[in-house]
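J.: Contents of target.cif (mmCIF, C-alpha atoms) are below:
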```
data_structure
loop_
_atom_site.label_atom_id
_atom_site.label_comp_id
_atom_site.auth_asym_id
_atom_site.auth_seq_id
_atom_site.Cartn_x
_atom_site.Cartn_y
_atom_site.Cartn_z
CA MET A 1 113.99 112.14 90.16
CA ASN A 2 116.41 113.49 92.73
CA GLU A 3 116.32 116.79 90.82
CA VAL A 4 112.55 116.68 90.25
CA VAL A 5 111.58 115.98 93.86
CA GLY A 6 111.82 119.21 95.82
CA ARG A 7 111.67 121.37 92.69
CA ASP A 8 108.45 120.44 90.89
CA ASP A 9 104.91 119.63 91.93
CA LEU A 10 103.94 115.97 91.44
CA LEU A 11 100.77 114.38 90.07
CA LEU A 12 99.91 110.68 90.19
CA LEU A 13 96.70 110.04 88.27
CA THR A 14 95.45 106.46 88.19
CA LEU A 15 92.78 105.81 85.58
CA ASP A 16 91.25 102.99 87.56
CA THR A 17 90.58 99.81 85.56
CA LEU A 18 91.68 101.24 82.18
CA ARG A 19 92.57 98.54 79.66
CA TYR A 20 95.76 98.95 77.64
CA ASP A 21 94.19 97.93 74.31
CA VAL A 22 91.35 100.41 74.65
CA ALA A 23 93.71 103.23 75.64
CA VAL A 24 95.95 102.52 72.64
CA GLU A 25 93.06 102.31 70.17
CA LEU A 26 91.54 105.59 71.29
CA ALA A 27 94.86 107.43 71.17
CA ALA A 28 95.56 106.14 67.65
CA ALA A 29 92.07 107.09 66.47
CA GLY A 30 92.33 110.65 67.81
CA ARG A 31 89.53 110.08 70.32
CA ILE A 32 91.49 111.27 73.38
CA PRO A 33 93.30 114.34 72.03
CA ASN A 34 93.85 116.08 75.36
CA LEU A 35 95.63 113.08 76.84
CA ALA A 36 97.41 112.06 73.65
CA ARG A 37 99.13 115.40 73.18
CA HIS A 38 101.01 114.84 76.44
CA LEU A 39 101.96 111.20 75.83
CA PRO A 40 105.61 110.84 74.74
CA GLY A 41 105.42 110.34 70.99
CA GLY A 42 101.64 110.40 71.27
CA VAL A 43 101.51 106.78 72.44
CA TRP A 44 101.02 104.88 75.67
CA GLU A 45 103.79 102.72 77.09
CA ARG A 46 102.85 99.08 77.60
CA ARG A 47 103.46 97.99 81.19
CA HIS A 48 102.53 95.26 83.65
CA ALA A 49 100.41 96.18 86.66
CA PRO A 50 101.79 95.47 90.15
CA GLY A 51 98.41 94.05 91.20
CA SER A 52 95.20 92.71 89.68
CA PHE A 53 92.82 94.97 91.63
CA THR A 54 92.80 98.45 93.12
CA TYR A 55 93.88 97.82 96.71
CA ALA A 56 96.82 95.56 95.90
CA SER A 57 98.04 97.70 93.02
CA HIS A 58 97.94 100.98 94.94
CA GLN A 59 99.67 99.50 97.97
CA ALA A 60 102.49 98.54 95.61
CA MET A 61 102.56 101.88 93.79
CA PHE A 62 102.64 103.83 97.04
CA ALA A 63 105.63 101.71 98.03
CA GLY A 64 107.42 102.83 94.84
CA PHE A 65 106.49 99.91 92.57
CA LEU A 66 104.83 101.62 89.63
CA PRO A 67 103.70 99.47 86.68
CA THR A 68 106.73 97.67 85.22
CA PRO A 69 107.77 98.03 81.54
CA ALA A 70 106.54 94.98 79.65
CA ALA A 71 110.00 93.82 78.56
CA PRO A 72 112.85 91.92 80.22
CA GLY A 73 114.51 93.97 82.97
CA PRO A 74 115.68 94.96 85.43
CA HIS A 75 114.03 98.36 85.06
CA PRO A 76 115.29 101.20 87.31
CA ARG A 77 112.45 102.79 89.26
CA LEU A 78 111.56 106.44 89.73
CA PHE A 79 110.97 105.97 93.47
CA ALA A 80 112.15 103.34 95.94
CA ALA A 81 112.28 102.72 99.66
CA ARG A 82 115.81 102.27 100.91
CA PHE A 83 116.61 98.58 101.34
CA ALA A 84 119.71 96.50 100.72
CA GLY A 85 119.95 94.45 97.56
CA SER A 86 117.38 96.29 95.45
CA GLU A 87 118.18 95.64 91.79
CA THR A 88 115.86 98.38 90.54
CA THR A 89 117.19 101.26 92.64
CA ALA A 90 119.54 103.35 90.49
CA GLY A 91 121.42 106.64 90.78
CA ARG A 92 118.45 108.61 89.43
CA THR A 93 115.93 106.94 91.74
CA PHE A 94 114.45 109.07 94.51
CA VAL A 95 115.12 106.94 97.60
CA PHE A 96 113.02 107.48 100.73
CA ASP A 97 113.56 106.22 104.26
CA THR A 98 109.89 105.94 105.23
CA PRO A 99 107.57 102.95 104.66
CA ASP A 100 105.89 104.49 101.61
CA LEU A 101 106.35 107.14 98.96
CA VAL A 102 103.59 109.36 100.34
CA SER A 103 105.27 109.81 103.73
CA GLY A 104 108.63 110.03 101.96
CA LEU A 105 107.43 113.01 99.96
CA ALA A 106 105.90 114.56 103.08
CA ALA A 107 109.32 114.28 104.74
CA ALA A 108 110.74 116.09 101.70
CA GLY A 109 108.39 119.03 102.33
CA TYR A 110 105.44 118.15 100.10
CA ARG A 111 101.79 118.63 100.97
CA THR A 112 100.32 115.19 100.20
CA VAL A 113 96.70 115.15 99.03
CA CYS A 114 94.47 112.25 97.98
CA ILE A 115 91.32 112.68 95.91
CA GLY A 116 89.67 109.28 96.03
CA GLY A 117 87.41 107.57 93.58
CA VAL A 118 86.57 103.86 93.90
CA GLY A 119 85.44 102.25 97.14
CA PHE A 120 88.91 101.61 98.54
CA PHE A 121 89.20 105.40 98.98
CA ASN A 122 85.73 106.17 100.33
CA LYS A 123 86.69 106.43 104.04
CA GLN A 124 83.38 104.78 104.95
CA GLY A 125 84.96 101.91 106.87
CA ALA A 126 88.28 100.68 108.19
CA LEU A 127 89.39 99.27 104.81
CA GLY A 128 88.37 102.44 102.98
CA ASP A 129 90.55 104.45 105.36
CA VAL A 130 93.84 102.61 104.73
CA LEU A 131 94.96 104.20 101.46
CA PRO A 132 93.63 107.73 102.09
CA GLY A 133 95.10 107.53 105.58
CA MET A 134 98.61 107.66 104.11
CA PHE A 135 98.04 111.28 103.07
CA GLN A 136 98.09 114.51 105.06
CA GLU A 137 94.80 115.49 103.42
CA SER A 138 92.23 113.27 101.73
CA HIS A 139 88.90 113.87 100.03
CA TRP A 140 86.03 111.61 99.02
CA GLU A 141 82.33 112.14 98.50
CA PRO A 142 79.65 110.17 96.63
CA GLU A 143 80.01 112.46 93.61
CA PHE A 144 83.57 111.09 93.17
CA GLY A 145 82.45 107.44 93.18
CA VAL A 146 81.77 104.82 90.54
CA ALA A 147 78.01 105.41 90.46
CA SER A 148 78.33 109.09 89.55
CA PRO A 149 78.10 109.97 85.82
CA THR A 150 79.99 113.20 86.59
CA SER A 151 82.66 111.73 88.89
CA PHE A 152 85.73 113.05 87.10
CA GLU A 153 84.38 116.58 86.77
CA ALA A 154 83.72 116.62 90.51
CA GLN A 155 87.18 115.26 91.27
CA VAL A 156 88.86 117.85 89.06
CA ALA A 157 86.88 120.64 90.71
CA ARG A 158 88.18 119.48 94.09
CA ALA A 159 91.74 119.35 92.72
CA GLU A 160 91.39 122.94 91.50
CA ARG A 161 90.34 123.98 95.02
CA VAL A 162 93.26 122.14 96.60
CA VAL A 163 95.74 123.90 94.31
CA ALA A 164 94.13 127.31 94.80
CA GLU A 165 94.20 127.03 98.60
CA LEU A 166 97.82 125.87 98.89
CA PRO A 167 100.48 128.50 99.73
CA ALA A 168 102.49 129.35 96.62
CA GLY A 169 105.79 128.19 98.07
CA ARG A 170 104.57 124.78 99.22
CA ARG A 171 105.23 121.84 96.92
CA LEU A 172 102.27 119.56 96.19
CA PHE A 173 101.96 115.82 95.64
CA LEU A 174 98.43 115.24 94.37
CA PHE A 175 97.10 111.73 93.90
CA LEU A 176 93.80 111.31 92.07
CA ASN A 177 92.06 107.97 91.53
CA ALA A 178 89.66 108.42 88.60
CA SER A 179 86.69 106.11 89.08
CA ALA A 180 84.83 106.74 85.81
CA LEU A 181 86.19 103.70 83.95
CA HIS A 182 85.29 101.24 86.69
CA GLN A 183 81.97 99.47 86.42
CA PRO A 184 79.28 100.70 86.13
CA ASN A 185 80.31 102.77 83.13
CA TRP A 186 77.38 102.19 80.75
CA PHE A 187 76.05 105.71 81.34
CA HIS A 188 79.04 107.26 79.55
CA LEU A 189 77.92 105.87 76.17
CA PRO A 190 75.55 108.34 74.49
CA GLY A 191 72.11 106.84 74.04
CA ALA A 192 72.65 103.90 76.37
CA ALA A 193 69.48 102.62 78.03
CA CYS A 194 69.23 103.01 81.80
CA GLY A 195 70.95 100.09 83.49
CA ALA A 196 72.50 98.79 80.26
CA ARG A 197 75.32 96.27 80.37
CA ASP A 198 78.89 97.50 80.63
CA THR A 199 80.94 96.65 77.55
CA ARG A 200 84.28 97.43 75.99
CA ALA A 201 82.50 100.23 74.12
CA THR A 202 81.17 101.84 77.31
CA HIS A 203 84.66 101.49 78.81
CA ALA A 204 86.00 103.44 75.83
CA ALA A 205 83.29 106.06 76.21
CA ALA A 206 84.32 106.55 79.84
CA LEU A 207 87.88 107.27 78.75
CA GLU A 208 86.61 109.83 76.24
CA TYR A 209 84.64 111.43 79.09
CA ILE A 210 87.81 111.71 81.18
CA ASP A 211 89.67 113.22 78.24
CA ARG A 212 87.08 115.97 77.88
CA HIS A 213 87.89 117.24 81.37
CA ILE A 214 91.53 116.31 81.92
CA GLY A 215 92.81 119.60 80.53
CA ARG A 216 91.43 121.37 83.61
CA LEU A 217 93.40 119.06 85.90
CA PHE A 218 96.62 119.55 83.95
CA ARG A 219 96.16 123.34 83.90
CA ALA A 220 95.58 123.42 87.64
CA MET A 221 98.62 121.28 88.37
CA SER A 222 100.88 123.43 86.21
CA SER A 223 99.46 126.77 87.36
CA ARG A 224 102.07 127.34 90.08
CA ARG A 225 105.21 125.72 88.69
CA ARG A 226 106.28 122.82 86.51
CA CYS A 227 104.61 119.53 87.39
CA PHE A 228 105.89 116.00 86.88
CA ALA A 229 102.87 113.85 86.00
CA ILE A 230 102.44 110.09 86.04
CA VAL A 231 99.28 108.85 84.34
CA CYS A 232 98.58 105.14 84.33
CA SER A 233 96.09 102.40 85.00
CA ASP A 234 96.29 100.32 88.16
CA HIS A 235 94.94 97.22 86.39
CA GLY A 236 92.72 96.35 83.45
CA THR A 237 89.47 94.42 83.38
CA THR A 238 87.67 91.83 81.26
CA TYR A 239 84.41 92.01 79.35
CA GLY A 240 83.90 88.38 78.46
CA ASP A 241 87.51 87.86 77.32
CA ASP A 242 88.08 84.08 77.30
CA GLY A 243 84.94 83.78 79.40
CA TYR A 244 86.16 86.15 82.14
CA THR A 245 84.36 89.22 83.40
CA GLY A 246 85.85 91.75 85.83
CA HIS A 247 89.32 91.75 87.40
CA ARG A 248 91.21 90.39 90.44
CA LEU A 249 92.21 87.54 88.17
CA ALA A 250 95.23 86.59 86.05
CA HIS A 251 94.44 87.58 82.46
CA GLU A 252 96.35 89.58 79.87
CA ALA A 253 93.60 92.22 79.79
CA VAL A 254 94.02 92.71 83.54
CA TRP A 255 97.81 92.59 83.88
CA THR A 256 98.63 94.80 80.88
CA VAL A 257 98.15 98.52 81.49
CA PRO A 258 98.87 101.87 79.79
CA TYR A 259 101.46 104.15 81.38
CA ALA A 260 103.03 107.55 80.70
CA HIS A 261 105.04 110.14 82.58
CA PHE A 262 105.80 113.64 81.37
CA PHE A 263 106.30 117.22 82.49
CA LEU A 264 103.49 119.76 82.51
CA GLU A 265 105.08 123.13 81.92
CA PRO A 266 103.63 126.16 83.71
CA SER A 267 100.26 127.18 82.27
CA ALA A 268 99.99 123.90 80.32
#
```
As structure tokens, please, write out the structure in this file.
T.:
Amino acid sequence: MNEVVGRDDLLLLTLDTLRYDVAVELAAAGRIPNLARHLPGGVWERRHAPGSFTYASHQAMFAGFLPTPAAPGPHPRLFAARFAGSETTAGRTFVFDTPDLVSGLAAAGYRTVCIGGVGFFNKQGALGDVLPGMFQESHWEPEFGVASPTSFEAQVARAERVVAELPAGRRLFLFLNASALHQPNWFHLPGAACGARDTRATHAAALEYIDRHIGRLFRAMSSRRRCFAIVCSDHGTTYGDDGYTGHRLAHEAVWTVPYAHFFLEPSA
């Protein structure tokens, strides 16, 4: 990462609430072809989330604690704040001297931009300002939120504008929190009745919706130079699993998340 940072643009895309099992099933069935063609080997990596809900997980990720490989470690990290005794900071880790990765990348010359999705990024109150406030530039509007059936399209359109307006020589760190998978997601299933119940099937339909538009985001992010992309979930969620519904709880469907990182070559 010490070679990547400063050379390439960076994308962190969190597919908010995406379950690992659903992501794996759809990739194997050919239902998310635009995502799957970028996944190493065509498959998602199984990891453990650093938090059980959006706010906690993103605070950890912005501190350099991305989802952890679901196998005994220690696992060297891509990014880490400098502190003595870290067992996951290795020679290839990009080490920053600021409190969080966002300000660390800004110190390295990056333009840091947040395109929010779920309520923790809506800037409509003090709590909704915390995470976007880490960035030099942040965007949120109702069309990006969980109640919008076209949220991801609107977010991608804003990302395209951000890229187009940035000077060619300026490196970009773009963070996008995709809200489409978060409840309510029933409207992504074709033929669903108005106000229908969210289910594992509607969750899957929301991921297919994201896949239909993700090519635009990848093309925008690789339009200026090579881009290093991290695509992952921040946590999963439950749909009646063992009697549980939702997240912010300790369940395998919440703690286990899909993860991938890869390069987007210019004009990908």
J.: Find, counting all atoms listed in the file, the residue in A:Ala70, A:Val24, A:Cys114, A:Ala206 that gets nearest to A:Leu12.
T.: A:Cys114
J.: How close does each residue of stretch 38-142 of chain A get to stretch 158-172 of chain A, giving the shortest atom pair and distance in Å to one decimal for every residue with an atom at most 12 Å away, counting only C-alpha atoms, sorted by chain and residue number, as CSV?
T.:
```
residue,atom,partner,partner_atom,distance
A:Val102,CA,A:Leu172,CA,11.1
A:Leu105,CA,A:Leu172,CA,9.2
A:Ala106,CA,A:Leu172,CA,9.3
A:Ala107,CA,A:Arg171,CA,11.6
A:Ala108,CA,A:Arg171,CA,9.3
A:Gly109,CA,A:Arg171,CA,6.9
A:Tyr110,CA,A:Arg171,CA,4.9
A:Arg111,CA,A:Leu172,CA,4.9
A:Thr112,CA,A:Leu172,CA,6.2
A:Val113,CA,A:Leu172,CA,7.7
A:Cys114,CA,A:Ala159,CA,9.2
A:Ile115,CA,A:Ala159,CA,7.4
A:Gly116,CA,A:Arg158,CA,10.5
A:Gly117,CA,A:Arg158,CA,11.9
A:Phe135,CA,A:Leu172,CA,11.6
A:Gln136,CA,A:Leu172,CA,11.0
A:Glu137,CA,A:Val162,CA,9.6
A:Ser138,CA,A:Val162,CA,10.3
A:His139,CA,A:Arg158,CA,8.2
A:Trp140,CA,A:Arg158,CA,9.5
A:Glu141,CA,A:Arg158,CA,10.4
```
J.: Those same residues, written as a PDB file, keeping the file's coordinate frame with C-alpha atoms?
T.:
```pdb
ATOM      1  CA  VAL A 102     103.590 109.360 100.340  1.00  0.00           C
ATOM      2  CA  LEU A 105     107.430 113.010  99.960  1.00  0.00           C
ATOM      3  CA  ALA A 106     105.900 114.560 103.080  1.00  0.00           C
ATOM      4  CA  ALA A 107     109.320 114.280 104.740  1.00  0.00           C
ATOM      5  CA  ALA A 108     110.740 116.090 101.700  1.00  0.00           C
ATOM      6  CA  GLY A 109     108.390 119.030 102.330  1.00  0.00           C
ATOM      7  CA  TYR A 110     105.440 118.150 100.100  1.00  0.00           C
ATOM      8  CA  ARG A 111     101.790 118.630 100.970  1.00  0.00           C
ATOM      9  CA  THR A 112     100.320 115.190 100.200  1.00  0.00           C
ATOM     10  CA  VAL A 113      96.700 115.150  99.030  1.00  0.00           C
ATOM     11  CA  CYS A 114      94.470 112.250  97.980  1.00  0.00           C
ATOM     12  CA  ILE A 115      91.320 112.680  95.910  1.00  0.00           C
ATOM     13  CA  GLY A 116      89.670 109.280  96.030  1.00  0.00           C
ATOM     14  CA  GLY A 117      87.410 107.570  93.580  1.00  0.00           C
ATOM     15  CA  PHE A 135      98.040 111.280 103.070  1.00  0.00           C
ATOM     16  CA  GLN A 136      98.090 114.510 105.060  1.00  0.00           C
ATOM     17  CA  GLU A 137      94.800 115.490 103.420  1.00  0.00           C
ATOM     18  CA  SER A 138      92.230 113.270 101.730  1.00  0.00           C
ATOM     19  CA  HIS A 139      88.900 113.870 100.030  1.00  0.00           C
ATOM     20  CA  TRP A 140      86.030 111.610  99.020  1.00  0.00           C
ATOM     21  CA  GLU A 141      82.330 112.140  98.500  1.00  0.00           C
TER      22      GLU A 141
END
```
J.: So, with all atoms listed in the file as the atoms that count, which of A:Leu176, A:Gly125, A:Gly51, A:Ser233 lies closest to A:Leu249?
T.: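 Of the candidates, the smallest distance to A:Leu249 is held by A:Gly51.
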J.: In Å to one decimal, how far is atom CA of A:Thr238 from atom CA of A:Gly42?
T.: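 Result for atom CA of A:Gly42 versus atom CA of A:Thr238: 25.3 Å, one decimal.
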J.: So, counting only C-alpha atoms, which residue among A:Thr98, A:Tyr209, A:Gly145, A:His182 is closest to A:Arg31?
T.: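 Closest residue, counting only C-alpha atoms: A:Tyr209.
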J.: Please determine, counting all atoms listed in the file, which residue among A:Pro76, A:Asp129, A:Asp97, A:Gln155 has the shortest atom-to-atom distance to A:Ile214.
T.: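 Answer, going by the shortest atom-to-atom distance: A:Gln155.
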J.: With distances taken over only C-alpha atoms, which residue among A:Pro69, A:Ser103, A:Ala205, A:Pro132 lies nearest A:Ala192?
T.: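 Smallest separation from A:Ala192 among the options: A:Ala205.
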J.: Taking the file above as input, evaluate the PyMOL selection byres ((chain A and resi 71) around 12) and report the hits as a PyMOL selection string.
T.: chain A and resi 45-48+67-70+72-75+256
J.: For the point (93.0, 109.8, 75.6) in the file's frame, write as a PyMOL selection string all residues with an atom no more than 7 Å away, counting only C-alpha atoms.
T.: chain A and resi 23+26-27+31-36+207-208+211
J.: What gap, in Å, lies between atom CA of A:Arg7 and atom CA of A:Thr88?
T.: 23.5 Å
J.: Grab the atom CA of A:Leu66 to atom CA of A:Pro40 distance for me, in Å with one decimal place.
T.: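 These atoms are spaced 17.5 Å apart.
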J.: Which neighbours of A:Phe83 fall inside 10 Å, counting only C-alpha atoms, when residues of the same chain fewer than 4 positions from it are skipped, and could you give them as a PyMOL selection string?
T.: chain A and resi 89+95-97
J.: Keeping only C-alpha atoms, write the selected residues to a file as a PDB file, in the frame of the given file.
T.:
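Below is the file that was written, selection_9.pdb:
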```
ATOM      1  CA  THR A  89     117.190 101.260  92.640  1.00  0.00           C
ATOM      2  CA  VAL A  95     115.120 106.940  97.600  1.00  0.00           C
ATOM      3  CA  PHE A  96     113.020 107.480 100.730  1.00  0.00           C
ATOM      4  CA  ASP A  97     113.560 106.220 104.260  1.00  0.00           C
TER       5      ASP A  97
END
```
J.: May I have the residues within 12 Å of A:Thr237 as a ChimeraX atom specification, using all atoms listed in the file and disregarding those fewer than 5 positions away in the same chain?
T.: /A:16-22,49,51-54,181-183,198-200,203,244-257
J.: To verify the selection step, state as JSON, numbers by chain which residues the PyMOL selection byres ((chain A and resi 131) around 9) yields on this input.
T.: {"A": [55, 58, 59, 62, 114, 120, 121, 123, 127, 128, 129, 130, 132, 133, 134, 135]}
J.: Take the selection from the previous step and output its residues with C-alpha atoms, as a PDB file, in the frame of the given file.
T.:
```pdb
ATOM      1  CA  TYR A  55      93.880  97.820  96.710  1.00  0.00           C
ATOM      2  CA  HIS A  58      97.940 100.980  94.940  1.00  0.00           C
ATOM      3  CA  GLN A  59      99.670  99.500  97.970  1.00  0.00           C
ATOM      4  CA  PHE A  62     102.640 103.830  97.040  1.00  0.00           C
ATOM      5  CA  CYS A 114      94.470 112.250  97.980  1.00  0.00           C
ATOM      6  CA  PHE A 120      88.910 101.610  98.540  1.00  0.00           C
ATOM      7  CA  PHE A 121      89.200 105.400  98.980  1.00  0.00           C
ATOM      8  CA  LYS A 123      86.690 106.430 104.040  1.00  0.00           C
ATOM      9  CA  LEU A 127      89.390  99.270 104.810  1.00  0.00           C
ATOM     10  CA  GLY A 128      88.370 102.440 102.980  1.00  0.00           C
ATOM     11  CA  ASP A 129      90.550 104.450 105.360  1.00  0.00           C
ATOM     12  CA  VAL A 130      93.840 102.610 104.730  1.00  0.00           C
ATOM     13  CA  PRO A 132      93.630 107.730 102.090  1.00  0.00           C
ATOM     14  CA  GLY A 133      95.100 107.530 105.580  1.00  0.00           C
ATOM     15  CA  MET A 134      98.610 107.660 104.110  1.00  0.00           C
ATOM     16  CA  PHE A 135      98.040 111.280 103.070  1.00  0.00           C
TER      17      PHE A 135
END
```
J.: Running the PyMOL selection byres ((chain A and resi 11) around 9) on this model by hand, what would come out? Give it as an mmCIF file with C-alpha atoms, in the coordinates of the input.
T.:
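Output (part31.cif):
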```
data_model
loop_
_atom_site.group_PDB
_atom_site.id
_atom_site.type_symbol
_atom_site.label_atom_id
_atom_site.label_comp_id
_atom_site.auth_asym_id
_atom_site.auth_seq_id
_atom_site.Cartn_x
_atom_site.Cartn_y
_atom_site.Cartn_z
ATOM 1 C CA ASP A 9 104.910 119.630 91.930
ATOM 2 C CA LEU A 10 103.940 115.970 91.440
ATOM 3 C CA LEU A 12 99.910 110.680 90.190
ATOM 4 C CA LEU A 13 96.700 110.040 88.270
ATOM 5 C CA LEU A 172 102.270 119.560 96.190
ATOM 6 C CA PHE A 173 101.960 115.820 95.640
ATOM 7 C CA LEU A 174 98.430 115.240 94.370
ATOM 8 C CA PHE A 175 97.100 111.730 93.900
ATOM 9 C CA LEU A 176 93.800 111.310 92.070
ATOM 10 C CA MET A 221 98.620 121.280 88.370
ATOM 11 C CA CYS A 227 104.610 119.530 87.390
ATOM 12 C CA PHE A 228 105.890 116.000 86.880
ATOM 13 C CA ALA A 229 102.870 113.850 86.000
ATOM 14 C CA ILE A 230 102.440 110.090 86.040
ATOM 15 C CA VAL A 231 99.280 108.850 84.340
#
```
